[in-house]
>>> print(open('target_12.txt').read())   # compact mmCIF, C-alpha atoms
# COMPACT_ATOMS: atom_id res chain seq x y z
CA MET U 1 -51.27 -5.69 -2.02
CA LYS U 2 -53.79 -6.94 -4.58
CA SER U 3 -51.49 -6.02 -7.48
CA SER U 4 -48.61 -7.89 -5.79
CA PHE U 5 -50.67 -11.09 -5.65
CA LEU U 6 -51.61 -10.64 -9.30
CA ILE U 7 -47.95 -10.28 -10.27
CA VAL U 8 -46.93 -13.37 -8.30
CA GLY U 9 -49.82 -15.31 -9.81
CA ALA U 10 -48.76 -14.31 -13.30
CA LEU U 11 -45.21 -15.45 -12.60
CA LEU U 12 -46.42 -18.79 -11.31
CA ALA U 13 -48.57 -19.30 -14.38
CA SER U 14 -45.98 -18.28 -16.94
CA GLY U 15 -42.73 -19.69 -15.57
CA ALA U 16 -41.12 -16.84 -17.50
CA VAL U 17 -37.40 -16.22 -17.79
CA PHE U 18 -36.46 -12.61 -17.14
CA ALA U 19 -33.20 -11.12 -18.36
CA GLN U 20 -31.86 -7.59 -18.22
CA GLY U 21 -32.72 -5.57 -21.31
CA GLY U 22 -35.12 -8.24 -22.53
CA GLN U 23 -32.29 -10.48 -23.74
CA SER U 24 -31.99 -14.18 -22.95
CA VAL U 25 -28.60 -14.32 -21.23
CA GLN U 26 -27.16 -17.26 -19.32
CA PRO U 27 -24.25 -16.98 -16.88
CA ALA U 28 -21.06 -18.72 -17.89
CA ALA U 29 -20.66 -22.10 -16.18
CA ALA U 30 -17.19 -21.10 -14.95
CA LEU U 31 -18.44 -18.09 -12.97
CA PRO U 32 -18.16 -18.28 -9.16
CA GLN U 33 -21.50 -19.20 -7.64
CA ASP U 34 -23.40 -20.28 -4.55
CA LYS U 35 -26.27 -22.73 -4.90
CA HIS U 36 -28.83 -24.11 -2.46
CA GLU U 37 -32.59 -24.46 -1.99
CA GLY U 38 -33.11 -24.45 -5.74
CA LEU U 39 -31.55 -21.01 -6.31
CA THR U 40 -28.19 -20.37 -7.95
CA VAL U 41 -26.42 -17.03 -7.58
CA SER U 42 -23.50 -16.35 -9.96
CA VAL U 43 -21.34 -13.22 -10.08
CA ASP U 44 -19.15 -11.69 -12.76
CA ALA U 45 -16.93 -8.80 -11.64
CA TYR U 46 -15.82 -6.49 -14.44
CA THR U 47 -12.31 -5.89 -13.13
CA LYS U 48 -10.62 -5.32 -16.49
CA GLY U 49 -10.67 -1.81 -17.89
CA ALA U 50 -11.08 -2.84 -21.52
CA ARG U 51 -13.96 -5.20 -20.76
CA ALA U 52 -15.83 -2.62 -18.69
CA LYS U 53 -15.36 -0.05 -21.45
CA ASP U 54 -16.78 -2.47 -24.02
CA GLU U 55 -19.88 -2.97 -21.86
CA PHE U 56 -20.51 0.60 -20.70
CA GLY U 57 -18.77 2.70 -23.34
CA LYS U 58 -18.35 6.33 -22.31
CA ALA U 59 -20.29 5.59 -19.10
CA ASN U 60 -17.61 3.19 -17.83
CA PRO U 61 -17.82 3.19 -14.00
CA LEU U 62 -14.54 1.33 -13.52
CA ALA U 63 -12.69 4.35 -14.91
CA VAL U 64 -13.83 6.38 -11.88
CA GLY U 65 -13.10 3.69 -9.29
CA ILE U 66 -16.53 2.04 -9.19
CA LEU U 67 -16.57 -1.74 -9.62
CA PRO U 68 -19.46 -3.14 -11.69
CA VAL U 69 -20.50 -6.66 -10.70
CA GLU U 70 -23.06 -8.54 -12.78
CA VAL U 71 -25.21 -10.79 -10.59
CA PHE U 72 -27.31 -13.69 -11.92
CA PHE U 73 -30.18 -15.24 -9.94
CA LYS U 74 -31.43 -18.55 -11.42
CA ASN U 75 -34.50 -20.10 -9.82
CA ASP U 76 -35.02 -23.84 -10.47
CA THR U 77 -38.04 -24.11 -8.16
CA ASP U 78 -41.74 -23.72 -8.93
CA LEU U 79 -42.12 -20.76 -6.56
CA PRO U 80 -41.03 -17.12 -7.00
CA VAL U 81 -38.18 -15.87 -4.82
CA LYS U 82 -38.11 -12.33 -3.41
CA LEU U 83 -34.86 -10.43 -2.78
CA ASN U 84 -34.20 -7.50 -0.49
CA LEU U 85 -31.84 -5.64 -2.80
CA ASP U 86 -31.09 -2.96 -0.21
CA THR U 87 -29.20 -5.40 2.02
CA ILE U 88 -26.81 -6.76 -0.63
CA GLN U 89 -23.20 -5.79 0.11
CA LEU U 90 -19.66 -6.29 -1.14
CA GLU U 91 -17.45 -7.53 1.70
CA VAL U 92 -13.81 -6.62 1.08
CA ARG U 93 -10.96 -8.00 3.17
CA SER U 94 -7.48 -6.54 3.23
CA GLY U 95 -4.87 -9.17 2.43
CA ASP U 96 -2.32 -7.55 4.76
CA SER U 97 -4.35 -6.57 7.81
CA GLY U 98 -7.32 -8.89 7.47
CA GLN U 99 -9.67 -5.98 8.14
CA ARG U 100 -13.12 -6.20 6.54
CA GLN U 101 -15.05 -3.40 4.89
CA ASP U 102 -18.74 -3.78 3.97
CA LEU U 103 -19.72 -1.69 0.97
CA ASP U 104 -23.29 -0.81 -0.02
CA TRP U 105 -24.04 -0.68 -3.72
CA LEU U 106 -24.60 2.63 -5.49
CA ALA U 107 -27.82 3.51 -7.28
CA PRO U 108 -27.48 4.00 -11.06
CA VAL U 109 -28.00 7.76 -10.72
CA GLN U 110 -25.11 7.94 -8.27
CA VAL U 111 -22.86 6.01 -10.64
CA ALA U 112 -23.93 8.24 -13.52
CA ALA U 113 -23.11 11.37 -11.50
CA ALA U 114 -19.64 10.02 -10.66
CA VAL U 115 -18.93 9.16 -14.30
CA ALA U 116 -20.23 12.50 -15.55
CA HIS U 117 -18.24 14.47 -12.97
CA PRO U 118 -15.12 12.45 -12.03
CA SER U 119 -13.60 15.49 -10.35
CA GLY U 120 -16.79 16.44 -8.55
CA PRO U 121 -17.23 17.44 -4.91
CA SER U 122 -17.96 13.95 -3.51
CA GLU U 123 -15.37 12.38 -1.20
CA PRO U 124 -13.46 9.37 -2.61
CA LYS U 125 -14.85 6.95 -0.02
CA LEU U 126 -18.41 8.23 -0.15
CA ARG U 127 -20.87 5.38 -0.83
CA ARG U 128 -24.03 7.45 -1.16
CA PHE U 129 -24.46 10.81 -2.81
CA PRO U 130 -26.11 13.69 -0.90
CA VAL U 131 -29.90 13.79 -0.74
CA GLY U 132 -31.32 15.60 -3.75
CA VAL U 133 -28.85 14.39 -6.36
CA GLU U 134 -31.62 12.59 -8.27
CA SER U 135 -33.71 15.75 -8.63
CA ALA U 136 -30.89 18.07 -9.65
CA ASN U 137 -30.90 19.26 -13.26
CA ASP U 138 -27.81 17.67 -14.81
CA SER U 139 -27.95 16.83 -18.51
CA LYS U 140 -24.47 15.28 -18.59
CA ARG U 141 -25.32 12.93 -15.73
CA ASP U 142 -28.64 12.07 -17.36
CA LYS U 143 -26.87 11.00 -20.57
CA MET U 144 -24.68 8.62 -18.57
CA LEU U 145 -27.75 7.36 -16.72
CA GLU U 146 -29.39 6.40 -20.02
CA ILE U 147 -26.54 3.94 -20.57
CA ILE U 148 -26.12 2.67 -17.00
CA LYS U 149 -29.71 2.26 -15.80
CA PRO U 150 -30.85 -0.40 -18.33
CA LEU U 151 -27.85 -2.55 -17.34
CA ALA U 152 -28.44 -2.31 -13.59
CA LEU U 153 -30.20 -4.99 -11.55
CA ASN U 154 -33.72 -3.61 -11.24
CA SER U 155 -35.96 -6.51 -10.19
CA ASP U 156 -36.46 -8.05 -6.76
CA ILE U 157 -38.48 -11.10 -7.87
CA VAL U 158 -36.88 -14.19 -9.42
CA PRO U 159 -39.68 -16.00 -11.25
CA PRO U 160 -40.21 -19.76 -10.93
CA GLN U 161 -38.04 -21.69 -13.38
CA GLY U 162 -36.64 -18.32 -14.44
CA MET U 163 -33.74 -15.93 -14.04
CA ILE U 164 -32.96 -12.25 -13.52
CA HIS U 165 -29.60 -10.53 -13.83
CA GLY U 166 -28.02 -7.10 -13.87
CA PHE U 167 -25.19 -4.99 -12.51
CA LEU U 168 -24.60 -3.75 -8.98
CA PHE U 169 -22.02 -1.01 -8.52
CA PHE U 170 -19.59 -0.65 -5.61
CA ASP U 171 -17.30 2.29 -4.86
CA VAL U 172 -13.91 0.66 -4.28
CA ALA U 173 -12.09 3.97 -4.90
CA GLY U 174 -10.14 2.35 -7.74
CA ASP U 175 -8.68 -0.36 -5.50
CA ILE U 176 -9.73 -3.54 -7.33
CA PRO U 177 -9.85 -6.41 -4.80
CA ALA U 178 -7.49 -9.31 -5.39
CA PRO U 179 -9.07 -12.69 -6.21
CA GLY U 180 -10.64 -14.12 -3.05
CA ASP U 181 -10.49 -10.82 -1.13
CA ALA U 182 -14.07 -9.75 -1.90
CA THR U 183 -17.43 -11.47 -1.54
CA ILE U 184 -20.94 -10.58 -2.63
CA TYR U 185 -23.15 -11.09 0.43
CA ILE U 186 -26.90 -11.55 -0.09
CA PRO U 187 -28.54 -12.00 3.32
CA ASP U 188 -32.24 -11.43 2.79
CA LEU U 189 -34.20 -13.75 0.48
CA SER U 190 -37.56 -15.45 0.87
CA VAL U 191 -40.23 -17.41 -0.97
CA ALA U 192 -42.48 -14.66 -2.31
CA THR U 193 -45.76 -16.54 -1.80
CA SER U 194 -45.17 -17.51 1.84
CA ASN U 195 -42.38 -15.20 3.11
CA LYS U 196 -40.41 -18.31 4.11
CA PRO U 197 -36.82 -17.13 4.54
CA LEU U 198 -33.98 -18.73 2.59
CA MET U 199 -30.40 -19.17 3.72
CA PHE U 200 -28.04 -16.31 2.83
CA PHE U 201 -25.77 -16.47 -0.22
CA GLU U 202 -22.07 -15.63 -0.38
CA VAL U 203 -20.10 -15.62 -3.63
CA ALA U 204 -16.39 -14.75 -3.74
CA LEU U 205 -15.13 -12.62 -6.62
CA GLU U 206 -12.46 -14.60 -8.42
CA ASN U 207 -11.78 -12.40 -11.42
CA PRO U 208 -8.16 -11.17 -11.48
CA GLY U 209 -7.79 -7.45 -10.94
CA GLU U 210 -6.35 -5.09 -13.50
CA THR U 211 -5.74 -1.38 -13.40
CA PRO U 212 -8.69 0.41 -15.10
CA GLN U 213 -7.85 1.90 -18.48
>>> encode(input="target_12.txt", output="structure tokens")
Amino acid sequence: MKSSFLIVGALLASGAVFAQGGQSVQPAAALPQDKHEGLTVSVDAYTKGARAKDEFGKANPLAVGILPVEVFFKNDTDLPVKLNLDTIQLEVRSGDSGQRQDLDWLAPVQVAAAVAHPSGPSEPKLRRFPVGVESANDSKRDKMLEIIKPLALNSDIVPPQGMIHGFLFFDVAGDIPAPGDATIYIPDLSVATSNKPLMFFEVALENPGETPQ
């Protein structure tokens, strides 16, 4: 608890801008976004095979049916914002039936295992790998993880006057949602210093789909 207060205090004092991999990256103005209460959430779905390959190289998750979505959190207030990353989902609606499917995001090690073993034993619709996958000795998976993990969203605090960003990964089984058929849903945010809850965020994916290559 004491260390948490020290971290929050440091953020308040520094007003630092955090970016994945230590790079200062700003979301493109044209990206779909939701903005209120001083926080802007932008999303960039990597639906094109060539683009995903350029970003992830041989660890390309789109090639095994996993959609990478880069999420940007920009905080224009003077207070840090805390996210509950575990509750973030991708809501996918079927254009024909109107049915909705809520997908949890996959941990980087799960994505790495799927990329390393595309013909592995996991079921196509499985969202979470069996317990114990992280501790298994798998050098091929670990090599993929070295590429994927630094790109993944790995912080749950958005500093005051700052930003964090990174990828979340969703198992869509290779079925890239059409524009407007999928939404990133972020239900659980609060002011870190007071636990005051913020309104949920919803951002529709607008990037046109393309068959992974």
>>> atom_distance(input="target_12.txt", atom1="atom CA of Ala28 of chain U", atom2="atom CA of Val111 of chain U")
25.8 Å
>>> atom_distance(input="target_12.txt", atom1="atom CA of Ile164 of chain U", atom2="atom CA of Glu37 of chain U")
16.8 Å
>>> atom_distance(input="target_12.txt", atom1="atom CA of Lys196 of chain U", atom2="atom CA of Ile88 of chain U")
18.5 Å
>>> residues_around(input="target_12.txt", residues="segment 144-156 of chain U", least_positions_apart="3", cutoff="9 Å", atoms="all atoms listed in the file", output="PDB file with C-alpha atoms, in the frame of the given file")
ATOM      1  CA  GLN U  20     -31.860  -7.590 -18.220  1.00  0.00           C
ATOM      2  CA  GLY U  21     -32.720  -5.570 -21.310  1.00  0.00           C
ATOM      3  CA  PHE U  56     -20.510   0.600 -20.700  1.00  0.00           C
ATOM      4  CA  GLY U  57     -18.770   2.700 -23.340  1.00  0.00           C
ATOM      5  CA  LYS U  58     -18.350   6.330 -22.310  1.00  0.00           C
ATOM      6  CA  ALA U  59     -20.290   5.590 -19.100  1.00  0.00           C
ATOM      7  CA  ASN U  60     -17.610   3.190 -17.830  1.00  0.00           C
ATOM      8  CA  PRO U  61     -17.820   3.190 -14.000  1.00  0.00           C
ATOM      9  CA  GLU U  70     -23.060  -8.540 -12.780  1.00  0.00           C
ATOM     10  CA  VAL U  71     -25.210 -10.790 -10.590  1.00  0.00           C
ATOM     11  CA  VAL U  81     -38.180 -15.870  -4.820  1.00  0.00           C
ATOM     12  CA  LYS U  82     -38.110 -12.330  -3.410  1.00  0.00           C
ATOM     13  CA  LEU U  83     -34.860 -10.430  -2.780  1.00  0.00           C
ATOM     14  CA  ASN U  84     -34.200  -7.500  -0.490  1.00  0.00           C
ATOM     15  CA  LEU U  85     -31.840  -5.640  -2.800  1.00  0.00           C
ATOM     16  CA  ALA U 107     -27.820   3.510  -7.280  1.00  0.00           C
ATOM     17  CA  PRO U 108     -27.480   4.000 -11.060  1.00  0.00           C
ATOM     18  CA  VAL U 109     -28.000   7.760 -10.720  1.00  0.00           C
ATOM     19  CA  GLN U 110     -25.110   7.940  -8.270  1.00  0.00           C
ATOM     20  CA  VAL U 111     -22.860   6.010 -10.640  1.00  0.00           C
ATOM     21  CA  ALA U 112     -23.930   8.240 -13.520  1.00  0.00           C
ATOM     22  CA  ALA U 113     -23.110  11.370 -11.500  1.00  0.00           C
ATOM     23  CA  VAL U 115     -18.930   9.160 -14.300  1.00  0.00           C
ATOM     24  CA  ALA U 116     -20.230  12.500 -15.550  1.00  0.00           C
ATOM     25  CA  SER U 139     -27.950  16.830 -18.510  1.00  0.00           C
ATOM     26  CA  LYS U 140     -24.470  15.280 -18.590  1.00  0.00           C
ATOM     27  CA  ARG U 141     -25.320  12.930 -15.730  1.00  0.00           C
ATOM     28  CA  ILE U 164     -32.960 -12.250 -13.520  1.00  0.00           C
ATOM     29  CA  HIS U 165     -29.600 -10.530 -13.830  1.00  0.00           C
ATOM     30  CA  GLY U 166     -28.020  -7.100 -13.870  1.00  0.00           C
ATOM     31  CA  PHE U 167     -25.190  -4.990 -12.510  1.00  0.00           C
ATOM     32  CA  LEU U 168     -24.600  -3.750  -8.980  1.00  0.00           C
ATOM     33  CA  PHE U 169     -22.020  -1.010  -8.520  1.00  0.00           C
TER      34      PHE U 169
END
>>> axis_aligned_box(input="target_12.txt", around="segment 65-68 of chain U", padding_each_side="5 Å", output="JSON")
{"center_x": -16.3, "center_y": 0.3, "center_z": -10.4, "size_x": 16.4, "size_y": 16.8, "size_z": 12.5}
>>> closest_residue(input="target_12.txt", among="U:Ala63, U:Leu198, U:Leu189, U:Ala50", to="His117 of chain U", atoms="only C-alpha atoms")
U:Ala63
>>> closest_residue(input="target_12.txt", among="U:Pro177, U:Pro159, U:Pro197, U:Pro187", to="Asp86 of chain U", atoms="only C-alpha atoms")
U:Pro187
>>> closest_residue(input="target_12.txt", among="U:Leu62, U:Val191, U:Val203, U:Val69", to="Asp34 of chain U", atoms="all atoms listed in the file")
U:Val203
>>> closest_residue(input="target_12.txt", among="U:Gly174, U:Pro179, U:Pro118, U:Pro160", to="Gly49 of chain U", atoms="all atoms listed in the file")
U:Gly174
>>> closest_residue(input="target_12.txt", among="U:Val172, U:Ala192, U:Leu205, U:Met163", to="Thr40 of chain U", atoms="only C-alpha atoms")
U:Met163
>>> closest_residue(input="target_12.txt", among="U:Asp142, U:Asp102, U:Asp44, U:Asp171", to="Thr87 of chain U", atoms="only C-alpha atoms")
U:Asp102
>>> residues_near_point(input="target_12.txt", point="(-17.5, -8.0, -4.5)", cutoff="6 Å", atoms="only C-alpha atoms", output="list in words")
Leu90, Ala182, Thr183, Ile184 and Leu205 of chain U
>>> decode(input="target_12.txt", residues="segment 76-105 of chain U", atoms="N, CA and C atoms", output="mmCIF file, in the first residue's frame")
data_model
loop_
_atom_site.group_PDB
_atom_site.id
_atom_site.type_symbol
_atom_site.label_atom_id
_atom_site.label_comp_id
_atom_site.auth_asym_id
_atom_site.auth_seq_id
_atom_site.Cartn_x
_atom_site.Cartn_y
_atom_site.Cartn_z
ATOM 1 N N ASP U 76 -5.805 14.005 -19.855
ATOM 2 C CA ASP U 76 -5.595 15.456 -19.858
ATOM 3 C C ASP U 76 -5.924 16.096 -18.515
ATOM 4 N N THR U 77 -6.106 15.282 -17.484
ATOM 5 C CA THR U 77 -6.389 15.824 -16.153
ATOM 6 C C THR U 77 -5.107 15.858 -15.330
ATOM 7 N N ASP U 78 -5.220 16.409 -14.124
ATOM 8 C CA ASP U 78 -4.071 16.497 -13.218
ATOM 9 C C ASP U 78 -4.053 15.365 -12.192
ATOM 10 N N LEU U 79 -4.877 14.344 -12.421
ATOM 11 C CA LEU U 79 -4.935 13.204 -11.511
ATOM 12 C C LEU U 79 -4.705 11.907 -12.282
ATOM 13 N N PRO U 80 -4.030 10.930 -11.684
ATOM 14 C CA PRO U 80 -3.822 9.645 -12.354
ATOM 15 C C PRO U 80 -5.109 8.847 -12.434
ATOM 16 N N VAL U 81 -5.265 8.096 -13.517
ATOM 17 C CA VAL U 81 -6.443 7.260 -13.731
ATOM 18 C C VAL U 81 -6.028 5.793 -13.680
ATOM 19 N N LYS U 82 -6.793 4.991 -12.942
ATOM 20 C CA LYS U 82 -6.494 3.563 -12.819
ATOM 21 C C LYS U 82 -7.474 2.755 -13.658
ATOM 22 N N LEU U 83 -6.949 1.755 -14.382
ATOM 23 C CA LEU U 83 -7.753 0.873 -15.215
ATOM 24 C C LEU U 83 -7.812 -0.519 -14.600
ATOM 25 N N ASN U 84 -8.938 -1.175 -14.761
ATOM 26 C CA ASN U 84 -8.997 -2.616 -14.463
ATOM 27 C C ASN U 84 -8.872 -3.330 -15.801
ATOM 28 N N LEU U 85 -7.660 -3.721 -16.141
ATOM 29 C CA LEU U 85 -7.405 -4.317 -17.448
ATOM 30 C C LEU U 85 -8.164 -5.623 -17.643
ATOM 31 N N ASP U 86 -8.404 -6.346 -16.548
ATOM 32 C CA ASP U 86 -9.030 -7.667 -16.660
ATOM 33 C C ASP U 86 -10.443 -7.605 -17.220
ATOM 34 N N THR U 87 -11.117 -6.465 -17.092
ATOM 35 C CA THR U 87 -12.509 -6.378 -17.505
ATOM 36 C C THR U 87 -12.689 -5.833 -18.925
ATOM 37 N N ILE U 88 -11.612 -5.475 -19.593
ATOM 38 C CA ILE U 88 -11.713 -4.973 -20.963
ATOM 39 C C ILE U 88 -12.095 -6.118 -21.898
ATOM 40 N N GLN U 89 -13.050 -5.878 -22.784
ATOM 41 C CA GLN U 89 -13.512 -6.907 -23.711
ATOM 42 C C GLN U 89 -13.682 -6.337 -25.118
ATOM 43 N N LEU U 90 -13.717 -7.258 -26.074
ATOM 44 C CA LEU U 90 -14.099 -6.931 -27.447
ATOM 45 C C LEU U 90 -15.502 -7.476 -27.663
ATOM 46 N N GLU U 91 -16.455 -6.583 -27.910
ATOM 47 C CA GLU U 91 -17.831 -6.995 -28.175
ATOM 48 C C GLU U 91 -18.022 -7.096 -29.687
ATOM 49 N N VAL U 92 -18.360 -8.283 -30.155
ATOM 50 C CA VAL U 92 -18.513 -8.531 -31.590
ATOM 51 C C VAL U 92 -19.967 -8.868 -31.873
ATOM 52 N N ARG U 93 -20.545 -8.169 -32.837
ATOM 53 C CA ARG U 93 -21.930 -8.418 -33.240
ATOM 54 C C ARG U 93 -21.962 -8.993 -34.645
ATOM 55 N N SER U 94 -22.787 -9.993 -34.834
ATOM 56 C CA SER U 94 -22.944 -10.604 -36.147
ATOM 57 C C SER U 94 -23.875 -9.745 -36.986
ATOM 58 N N GLY U 95 -23.414 -9.376 -38.184
ATOM 59 C CA GLY U 95 -24.220 -8.529 -39.054
ATOM 60 C C GLY U 95 -25.515 -9.187 -39.483
ATOM 61 N N ASP U 96 -25.534 -10.511 -39.594
ATOM 62 C CA ASP U 96 -26.719 -11.231 -40.061
ATOM 63 C C ASP U 96 -27.716 -11.493 -38.939
ATOM 64 N N SER U 97 -27.243 -12.047 -37.847
ATOM 65 C CA SER U 97 -28.136 -12.462 -36.767
ATOM 66 C C SER U 97 -28.291 -11.417 -35.677
ATOM 67 N N GLY U 98 -27.335 -10.498 -35.587
ATOM 68 C CA GLY U 98 -27.383 -9.506 -34.520
ATOM 69 C C GLY U 98 -26.923 -10.036 -33.177
ATOM 70 N N GLN U 99 -26.471 -11.294 -33.130
ATOM 71 C CA GLN U 99 -26.008 -11.872 -31.874
ATOM 72 C C GLN U 99 -24.689 -11.222 -31.453
ATOM 73 N N ARG U 100 -24.495 -11.091 -30.135
ATOM 74 C CA ARG U 100 -23.294 -10.467 -29.607
ATOM 75 C C ARG U 100 -22.431 -11.492 -28.890
ATOM 76 N N GLN U 101 -21.135 -11.374 -29.097
ATOM 77 C CA GLN U 101 -20.167 -12.236 -28.427
ATOM 78 C C GLN U 101 -19.152 -11.346 -27.722
ATOM 79 N N ASP U 102 -18.923 -11.577 -26.435
ATOM 80 C CA ASP U 102 -17.978 -10.796 -25.650
ATOM 81 C C ASP U 102 -16.690 -11.591 -25.480
ATOM 82 N N LEU U 103 -15.607 -11.064 -26.016
ATOM 83 C CA LEU U 103 -14.332 -11.773 -26.000
ATOM 84 C C LEU U 103 -13.376 -11.149 -24.989
ATOM 85 N N ASP U 104 -12.804 -11.977 -24.115
ATOM 86 C CA ASP U 104 -11.725 -11.534 -23.245
ATOM 87 C C ASP U 104 -10.428 -11.462 -24.053
ATOM 88 N N TRP U 105 -9.516 -10.617 -23.608
ATOM 89 C CA TRP U 105 -8.235 -10.545 -24.301
ATOM 90 C C TRP U 105 -7.293 -11.649 -23.794
#
